[in-house]
Each structure stands twice: as C-alpha cells, then as structure tokens.
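> This is entry-v4.cif, which holds mmCIF, C-alpha atoms:
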```cif
data_input
#
loop_
_atom_site.label_atom_id
_atom_site.label_comp_id
_atom_site.auth_asym_id
_atom_site.auth_seq_id
_atom_site.Cartn_x
_atom_site.Cartn_y
_atom_site.Cartn_z
CA MET U 19 120.51 129.78 30.72
CA ASP U 20 118.69 126.48 31.17
CA ILE U 21 118.86 124.19 34.20
CA TRP U 22 121.43 121.92 32.57
CA GLN U 23 123.84 124.72 31.85
CA LEU U 24 123.46 125.97 35.42
CA GLY U 25 124.11 122.45 36.70
CA LEU U 26 127.22 122.17 34.54
CA LEU U 27 128.51 125.51 35.84
CA ILE U 28 128.09 124.33 39.44
CA SER U 29 129.56 120.88 38.85
CA LYS U 30 132.60 122.23 36.99
CA PHE U 31 133.21 124.75 39.75
CA GLY U 32 133.13 121.90 42.27
CA VAL U 33 135.59 119.90 40.17
CA TYR U 34 137.91 122.91 39.91
CA LEU U 35 137.80 123.43 43.67
CA GLY U 36 138.61 119.77 44.24
CA GLY U 37 141.55 119.79 41.84
CA SER U 38 142.78 123.09 43.22
CA ALA U 39 142.84 121.82 46.81
CA LEU U 40 144.75 118.67 45.81
CA LEU U 41 147.36 120.46 43.71
CA GLY U 42 147.80 123.39 46.10
CA GLY U 43 147.86 121.26 49.23
CA GLY U 44 150.35 118.89 47.64
CA TRP U 45 152.55 121.85 46.71
CA ILE U 46 152.62 123.11 50.30
CA LEU U 47 153.34 119.64 51.71
CA CYS U 48 156.21 119.22 49.24
CA ILE U 49 157.97 122.48 50.08
CA THR U 50 157.43 122.11 53.84
CA ASN U 51 158.47 118.49 54.17
CA THR U 52 161.89 117.96 55.79
CA ASP U 53 164.15 120.78 54.57
CA THR U 54 167.70 119.52 54.01
CA ASP U 55 169.16 122.99 54.70
CA THR U 56 167.31 124.07 57.85
CA LYS U 57 165.91 120.72 59.01
CA PHE U 58 162.51 122.41 59.26
CA THR U 59 159.46 120.18 58.96
CA LEU U 60 155.84 121.24 59.07
CA PRO U 61 154.34 120.23 62.46
CA ALA U 62 152.34 117.01 62.40
CA SER U 63 149.20 118.85 63.52
CA LEU U 64 149.38 121.16 60.50
CA GLN U 65 150.24 118.30 58.15
CA THR U 66 147.13 116.54 59.45
CA THR U 67 145.01 119.66 58.90
CA VAL U 68 146.23 120.02 55.31
CA THR U 69 145.73 116.35 54.43
CA ARG U 70 142.21 116.37 55.92
CA HIS U 71 141.43 119.45 53.84
CA MET U 72 142.72 117.66 50.73
CA ARG U 73 140.74 114.50 51.50
CA LEU U 74 137.55 116.54 51.91
CA PHE U 75 138.02 118.16 48.52
CA ALA U 76 138.94 114.84 46.92
CA VAL U 77 135.48 113.64 47.99
CA ILE U 78 133.95 116.87 46.68
CA GLY U 79 135.78 116.30 43.40
CA ILE U 80 134.39 112.76 43.11
CA ILE U 81 130.83 113.94 43.77
CA PHE U 82 130.93 116.85 41.33
CA SER U 83 132.72 114.84 38.63
CA ALA U 84 129.86 112.34 38.79
CA PHE U 85 127.26 115.12 38.66
CA ASP U 86 129.08 116.75 35.75
CA PHE U 87 128.74 113.49 33.80
CA LEU U 88 125.06 113.13 34.70
CA PHE U 89 124.31 116.74 33.73
CA GLN U 90 126.01 116.16 30.38
CA VAL U 91 123.74 113.14 29.83
CA GLY U 92 120.65 115.11 30.91
CA GLN U 93 121.48 118.03 28.63
CA LEU U 94 121.84 115.68 25.68
CA ALA U 95 118.66 113.72 26.48
CA GLN U 96 116.48 116.82 27.03
CA SER U 97 113.77 114.76 28.72
CA GLY U 98 113.69 116.18 32.23
CA TYR U 99 115.59 114.95 35.26
CA ALA U 100 115.00 111.33 34.26
CA GLY U 101 117.13 112.05 31.20
CA MET U 102 120.25 111.99 33.37
CA PHE U 103 119.79 108.21 33.63
CA ASP U 104 118.81 107.53 30.02
CA PRO U 105 120.84 104.39 29.14
CA VAL U 106 121.30 105.27 25.46
CA MET U 107 122.45 108.82 26.12
CA ARG U 108 124.60 107.64 29.02
CA GLU U 109 126.46 105.25 26.72
CA MET U 110 126.92 107.99 24.11
CA VAL U 111 128.45 110.36 26.64
CA ALA U 112 130.54 107.61 28.25
CA HIS U 113 132.18 106.80 24.91
CA SER U 114 132.84 110.45 24.03
CA THR U 115 135.62 112.79 25.15
CA LEU U 116 133.23 114.04 27.86
CA GLY U 117 133.10 110.51 29.23
CA ASP U 118 136.89 110.26 29.06
CA VAL U 119 137.18 113.47 31.07
CA ALA U 120 134.71 112.28 33.70
CA LYS U 121 136.39 108.88 34.07
CA SER U 122 139.87 110.41 34.24
CA ARG U 123 138.87 112.88 36.94
CA LEU U 124 137.05 110.24 38.96
CA VAL U 125 140.14 108.03 38.88
CA LEU U 126 142.38 110.97 39.84
CA PHE U 127 140.22 112.03 42.77
CA ALA U 128 139.69 108.45 43.99
CA SER U 129 143.42 107.68 43.77
CA ALA U 130 144.23 110.91 45.61
CA LEU U 131 141.75 110.01 48.34
CA LEU U 132 143.43 106.62 48.84
CA TYR U 133 146.91 108.15 48.91
CA LEU U 134 145.88 110.91 51.32
CA THR U 135 144.25 108.36 53.63
CA TYR U 136 147.56 106.48 53.70
CA LEU U 137 149.44 109.76 54.21
CA GLY U 138 147.19 110.76 57.11
CA HIS U 139 147.77 107.37 58.74
CA SER U 140 151.54 107.82 58.37
CA ILE U 141 151.42 111.25 59.98
CA ARG U 142 149.40 109.94 62.94
CA LYS U 143 152.01 107.20 63.42
CA ASN U 144 154.79 109.84 63.30
CA ALA U 145 156.22 108.10 60.25
CA PHE U 146 158.49 109.89 57.81
CA ILE U 147 156.70 111.30 54.78
CA SER U 148 158.59 110.33 51.66
CA ASN U 149 159.51 113.24 49.41
CA ARG U 150 159.49 110.76 46.54
CA SER U 151 155.89 109.71 47.15
CA LEU U 152 154.80 113.35 47.44
CA GLY U 153 156.65 114.17 44.24
CA ILE U 154 155.04 111.28 42.38
CA PHE U 155 151.62 112.34 43.67
CA ILE U 156 152.12 115.91 42.43
CA VAL U 157 153.43 114.84 39.02
CA ILE U 158 150.52 112.44 38.45
CA ALA U 159 147.99 115.04 39.61
CA LEU U 160 149.49 117.79 37.43
CA ALA U 161 149.70 115.56 34.36
CA GLY U 162 146.27 114.00 34.92
CA PHE U 163 144.35 117.21 35.45
CA GLY U 164 146.29 118.94 32.70
CA TYR U 165 145.35 116.18 30.28
CA THR U 166 141.63 116.54 31.02
CA PHE U 167 141.75 120.26 30.20
CA THR U 168 142.93 119.48 26.66
CA LEU U 169 139.93 117.26 25.84
CA THR U 170 136.87 119.50 26.06
CA GLY U 171 135.57 123.02 25.59
CA HIS U 172 136.01 125.66 22.94
CA THR U 173 139.78 125.25 23.25
CA GLN U 174 139.43 122.15 21.07
CA GLN U 175 140.05 124.51 18.17
CA LEU U 176 143.57 125.19 19.45
CA GLN U 177 146.66 123.67 17.91
CA PRO U 178 148.40 120.89 19.92
CA SER U 179 151.11 123.26 21.15
CA PHE U 180 148.49 125.65 22.54
CA LYS U 181 146.64 122.76 24.17
CA PHE U 182 149.84 122.02 26.10
CA ILE U 183 150.05 125.69 27.08
CA LEU U 184 146.41 125.53 28.18
CA ALA U 185 147.07 122.48 30.34
CA ALA U 186 150.07 124.13 32.01
CA HIS U 187 148.14 127.36 32.55
CA ALA U 188 145.18 125.53 34.11
CA VAL U 189 147.10 123.36 36.56
CA ILE U 190 149.38 126.18 37.71
CA ALA U 191 146.36 128.41 38.33
CA LEU U 192 144.60 125.65 40.28
CA ALA U 193 147.72 124.94 42.34
CA TRP U 194 148.22 128.63 43.16
CA VAL U 195 144.65 129.13 44.35
CA GLY U 196 144.68 125.81 46.21
CA SER U 197 147.89 126.69 48.06
CA LEU U 198 146.36 129.76 49.70
CA TRP U 199 144.20 128.04 52.32
CA PRO U 200 147.11 125.94 53.70
CA LEU U 201 149.30 129.06 53.70
CA SER U 202 146.67 130.94 55.70
CA ARG U 203 146.74 128.14 58.27
CA THR U 204 150.51 128.46 58.66
CA CYS U 205 149.94 132.05 59.82
CA VAL U 206 148.01 130.68 62.80
CA GLU U 207 150.01 127.58 63.71
CA LEU U 208 153.66 128.48 63.07
CA SER U 209 156.05 130.69 64.99
CA THR U 210 157.02 133.91 63.21
CA PRO U 211 160.52 132.69 62.16
CA ASN U 212 159.10 129.43 60.77
CA LEU U 213 156.26 131.30 59.07
CA HIS U 214 158.80 133.60 57.42
CA HIS U 215 160.77 130.54 56.29
CA VAL U 216 157.71 128.86 54.74
CA MET U 217 156.50 132.03 53.02
CA THR U 218 159.94 132.79 51.64
CA LYS U 219 160.32 129.26 50.34
CA PHE U 220 156.86 129.36 48.78
CA GLY U 221 157.66 132.68 47.11
CA LYS U 222 160.84 131.22 45.58
CA SER U 223 159.06 128.06 44.40
CA ALA U 224 156.19 130.08 42.91
CA MET U 225 158.24 132.66 41.01
CA TYR U 226 158.74 130.75 37.75
CA PRO U 227 155.35 128.95 37.68
CA ILE U 228 153.46 132.22 38.17
CA GLY U 229 155.55 133.93 35.51
CA GLY U 230 154.73 131.05 33.16
CA LEU U 231 151.07 131.29 34.17
CA ILE U 232 150.85 134.94 33.13
CA ILE U 233 152.66 134.41 29.81
CA ALA U 234 150.55 131.34 28.98
CA GLY U 235 147.35 133.20 29.85
CA LEU U 236 148.18 136.11 27.58
CA LEU U 237 149.12 133.77 24.71
CA LEU U 238 145.87 131.82 25.09
CA ALA U 239 143.77 134.99 25.33
CA TRP U 240 145.24 136.36 22.11
CA GLN U 241 144.90 133.00 20.35
CA LEU U 242 141.19 132.83 21.24
CA VAL U 243 140.21 136.48 20.87
CA ARG U 244 142.57 137.63 18.10
CA SER U 245 141.60 141.32 18.15
CA VAL U 246 140.90 144.18 20.53
CA SER U 247 137.45 144.67 18.95
CA SER U 248 136.51 141.07 19.79
CA LEU U 249 137.69 141.67 23.33
CA LEU U 250 135.45 144.72 23.69
CA ASP U 251 132.42 143.77 21.57
CA THR U 252 131.67 140.15 22.55
CA ASN U 253 130.35 138.48 25.70
CA TYR U 254 133.42 136.28 25.76
CA GLY U 255 135.69 139.33 25.59
CA PHE U 256 133.80 141.05 28.42
CA VAL U 257 134.03 138.02 30.72
CA LEU U 258 137.70 137.62 29.79
CA LEU U 259 138.34 141.25 30.75
CA VAL U 260 136.71 140.60 34.13
CA LYS U 261 139.02 137.63 34.60
CA LEU U 262 142.06 139.71 33.64
CA LEU U 263 141.09 142.33 36.24
CA PHE U 264 140.91 139.64 38.93
CA VAL U 265 144.25 138.18 37.76
CA GLY U 266 145.84 141.64 37.95
CA ALA U 267 144.51 142.09 41.48
CA ILE U 268 145.75 138.72 42.73
CA PHE U 269 149.14 139.28 41.13
CA LEU U 270 149.50 142.65 42.90
CA ILE U 271 148.61 141.06 46.24
CA ALA U 272 151.20 138.32 45.63
CA LEU U 273 153.81 141.01 44.93
CA LEU U 274 152.79 142.80 48.12
CA HIS U 275 153.39 139.61 50.08
CA LYS U 276 156.75 138.91 48.48
CA LEU U 277 158.18 142.43 48.59
CA ARG U 278 156.71 143.85 51.79
CA LEU U 279 154.58 141.74 54.13
CA VAL U 280 156.77 138.61 54.30
CA PRO U 281 160.11 140.49 54.72
CA GLN U 282 158.49 142.61 57.45
CA LEU U 283 157.49 139.57 59.50
CA LEU U 284 160.90 139.33 61.17
CA THR U 285 160.96 143.03 62.02
CA GLY U 286 157.52 142.94 63.64
CA ILE U 287 156.11 145.58 61.28
CA THR U 288 153.80 142.94 59.80
CA SER U 289 152.03 140.51 62.13
CA PRO U 290 151.08 136.94 61.17
CA ARG U 291 147.43 137.96 61.55
CA THR U 292 147.84 140.79 59.02
CA LEU U 293 149.48 138.41 56.57
CA GLN U 294 146.71 135.86 57.09
CA LYS U 295 144.01 138.44 56.29
CA SER U 296 145.84 139.43 53.12
CA ILE U 297 146.14 135.78 52.05
CA GLN U 298 142.42 135.28 52.70
CA ILE U 299 141.64 138.24 50.43
CA GLU U 300 143.92 136.67 47.82
CA LEU U 301 142.03 133.40 48.24
CA CYS U 302 138.65 135.09 47.68
CA ILE U 303 139.97 136.67 44.48
CA GLY U 304 141.39 133.30 43.40
CA ILE U 305 138.03 131.60 43.89
CA SER U 306 136.43 134.40 41.87
CA ILE U 307 138.90 133.68 39.06
CA LEU U 308 137.88 130.02 39.10
CA MET U 309 134.21 131.02 38.90
CA VAL U 310 134.83 133.30 35.91
CA THR U 311 136.90 130.58 34.26
CA VAL U 312 133.98 128.16 34.59
CA VAL U 313 131.72 130.69 32.86
CA LEU U 314 134.29 131.17 30.08
CA SER U 315 134.64 127.44 29.48
CA THR U 316 130.94 126.56 29.80
CA ALA U 317 128.53 129.42 29.18
CA VAL U 318 130.28 131.59 26.60
CA GLY U 319 132.75 131.01 23.77
CA PRO U 320 135.11 133.10 21.63
CA ASN U 321 132.38 133.55 19.00
CA TYR U 322 129.79 135.03 21.41
#
```
Would you write out, as structure tokens, the structure that this file holds?

Amino acid sequence: MDIWQLGLLISKFGVYLGGSALLGGGWILCITNTDTDTKFTLPASLQTTVTRHMRLFAVIGIIFSAFDFLFQVGQLAQSGYAGMFDPVMREMVAHSTLGDVAKSRLVLFASALLYLTYLGHSIRKNAFISNRSLGIFIVIALAGFGYTFTLTGHTQQLQPSFKFILAAHAVIALAWVGSLWPLSRTCVELSTPNLHHVMTKFGKSAMYPIGGLIIAGLLLAWQLVRSVSSLLDTNYGFVLLVKLLFVGAIFLIALLHKLRLVPQLLTGITSPRTLQKSIQIELCIGISILMVTVVLSTAVGPNY
C-alpha cells in the first residue's frame, strides 16, 4: 500500500464519519422533536449537544472531502506531495466523476453546516424547530450522499437498479451508526421514562430501514462476489466476511436493546448506565464496519 492509498483510506473514513454524524443526528432530532401524541420534546440542552456534534462533523466532512480530492490528484500525478497541486492533474480530476463526488460532498457538508448553525441559533432562542425543515434536511442529505455512492468505486460495474440499492444501503448504514452517539447521550440526560420513550420510538422507526439494510447488503454481496469460492479464496471475500461478522454482531446487540434492555428500563432491571454502555459497544462495532467498508471500496475489489 502506497502513501496515496493510505491517504485515501483515511480521507474516505473521515468523509464517512462526517456523513454518518449528519444523517444519524438528523434522524434523532426528527424523532425527538415535538411528539404530537405525548407532547415530548428533547430538552434544549440535549438538542444543542446534538447539533454541536453534527456541526463538528460537518467541518470534519469538509476537511476530509477536500483531502480526498487532493489525494486523488496526487495519486494520479505520481510526483510526490507537490503532485497534489499539479494544475493539469487537478483539472482532470475536477472534470471526472471523482471531482463530481468531491464537489457534491463539499456542497452537502457546507450546506449542512449553515443549516445547523441556524438550527443552533433557534434552539438558543427557544424557538420552535420546524419538523418540515428537519425533514427537508434529512431528505436532501439522504439523497445527496446516496447519489455520491453511485458514482465511484468498483460498484460502477453494477446495473442501475443495484446502484440504487447500494445508495440506500450506504445511507441507512451511515444513519444507523451516526444515531448511536446521540442515543448514548440520551441515557445520561433524560429521565428513565423519557429515555424509554425515545428508545422505543427509535426502535420502531429503525425496524424497516434496518431490515432493508440487511436485505440490500446481502443482494449487493452476492452481486459482487457471485460464488462461495470467491468469498473464501479472495482478499475481497475475506474482508467482506469480516464485515459480515461485524454486521451480525451489531444486529444482535440491536435486538438485545429492542427485546430486553429497553423494555426493562421501566422495571428497573436495566439501568440507563447499562444501556449506555451497550450502545457504546454498538457504536464501536459500527465504526469498525465503516472502517472495513472503506477498505472494501478503496483497497480491494471483487477481483482480488
């Protein structure tokens, strides 16, 4: 692995973390904004914490999207670190699909940063957060990030229908992982009844997306690998198996939360602290999945 490939691995991981925090944080804000049934609203202090977290990762996304572009230029130029600023190579990358991806992600992160700054100001002024504006933010973020996943990588060989499946799979996975840090904060800052309400509502909202995530992942894996021998005898297959093990582990933890830990909150059998530790373990596994995904999309391919 050369320095450029290492740089691309790091920059893509940073981009994935940024997108994950935006999608997951937006998801939590949406489901915890004023509830028409219970009138429950996430406390302003926790809303502020979540929006600050999202703004931080929007900045991280901007930085790593820029570095990802520069590393692409440097890898193409192959003339040392100065190659990242080679004007000819920079123009070539800028007018390619790689340039389209970089520009799209920069626009998405910058727009999110502006919106979240406005949102943070509204929260400080005790203003009502519009469900419509949150919904529009989530839709644009989902569609925008999903679109960028269809433009690059070895998945370019996929048919258009599978590219759509890929986009849905990617954004749901990012949103799930990104939702875990805000959920862990609710374990600290909410009363037990309100924590139970938020976790129950999250579980209901996540049921169909996570089911779709698993089905889409299996379809994509089969489309790319095609045979059990390829899964066992290639580097790509080995890394994919590692990812599947992590996915199985995170899915089991999610089931544990839904079927045991969250229902036991109201009985006192499970404490908020115990639930928080379990969510943090889930978060670590989720980050590991993102890291393996970066390796799959950057360092190895279905033919290796």
> Applying the PyMOL selection byres ((chain U and resi 102-104) around 7) to the file I just gave you, which residues come out? Please list them as a ChimeraX atom specification.
/U:88-89,91-92,99-101,105-108
> Around all the atoms of stretch 96-108 of chain U listed in the file, draw an axis-aligned box and extend it by 3 Å on each of the six sides; I want its centre and edge lengths in Å to one decimal, as AutoDock Vina command-line options.

```
--center_x 119.1 --center_y 110.6 --center_z 30.4 --size_x 16.9 --size_y 18.4 --size_z 15.8
```
> Given the PyMOL selection byres ((chain U and resi 42) around 12) and the file above, list the residues it selects as a PyMOL selection string.
chain U and resi 34-41+43-49+68-69+71-72+75+155-156+159-160+189-201+220+224+301
> Go through U:Arg70, U:His214, U:Lys261, U:Arg291 and flag the residue nearest U:Ile303, using all atoms listed in the file for the distances.
U:Lys261
> Do you know which residues are at most 10 Å from U:Ala234 counting only C-alpha atoms, after dropping those on the same chain fewer than 6 positions away, and could you put them as a list of chain:residue names?
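The residues satisfying every condition are U:Phe180, U:Phe182, U:Ile183, U:Leu184, U:Ala185, U:Ala186, U:His187, U:Ala188, U:Ile228.
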> Could you list, as a PyMOL selection string, every residue within 9 Å of U:Leu126, counting all atoms listed in the file and ignoring same-chain residues fewer than 6 positions away?
chain U and resi 76+80+158-159+162-163
> At what distance in Å, to one decimal, does atom CA of U:Thr50 lie from atom CA of U:Val216?
6.8 Å
> Within 12 Å of U:Leu273, counting all atoms listed in the file, which residues show up once you throw out same-chain ones fewer than 5 positions away? Write them as an mmCIF file with C-alpha atoms, in the frame of the given file, please.

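Below is the file selection38.cif, written as the result:
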```
data_model
loop_
_atom_site.group_PDB
_atom_site.id
_atom_site.type_symbol
_atom_site.label_atom_id
_atom_site.label_comp_id
_atom_site.auth_asym_id
_atom_site.auth_seq_id
_atom_site.Cartn_x
_atom_site.Cartn_y
_atom_site.Cartn_z
ATOM 1 C CA GLY U 221 157.660 132.680 47.110
ATOM 2 C CA ALA U 224 156.190 130.080 42.910
ATOM 3 C CA MET U 225 158.240 132.660 41.010
ATOM 4 C CA ILE U 228 153.460 132.220 38.170
ATOM 5 C CA GLY U 229 155.550 133.930 35.510
ATOM 6 C CA GLY U 266 145.840 141.640 37.950
ATOM 7 C CA ALA U 267 144.510 142.090 41.480
ATOM 8 C CA ILE U 268 145.750 138.720 42.730
ATOM 9 C CA ARG U 278 156.710 143.850 51.790
ATOM 10 C CA LEU U 279 154.580 141.740 54.130
ATOM 11 C CA VAL U 280 156.770 138.610 54.300
ATOM 12 C CA PRO U 281 160.110 140.490 54.720
ATOM 13 C CA SER U 296 145.840 139.430 53.120
ATOM 14 C CA ILE U 297 146.140 135.780 52.050
ATOM 15 C CA GLU U 300 143.920 136.670 47.820
#
```
> Atom CA of U:Leu26 and atom CA of U:Leu259 are how many Å apart?
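For atom CA of U:Leu26 relative to atom CA of U:Leu259, the distance reads 22.4 Å.
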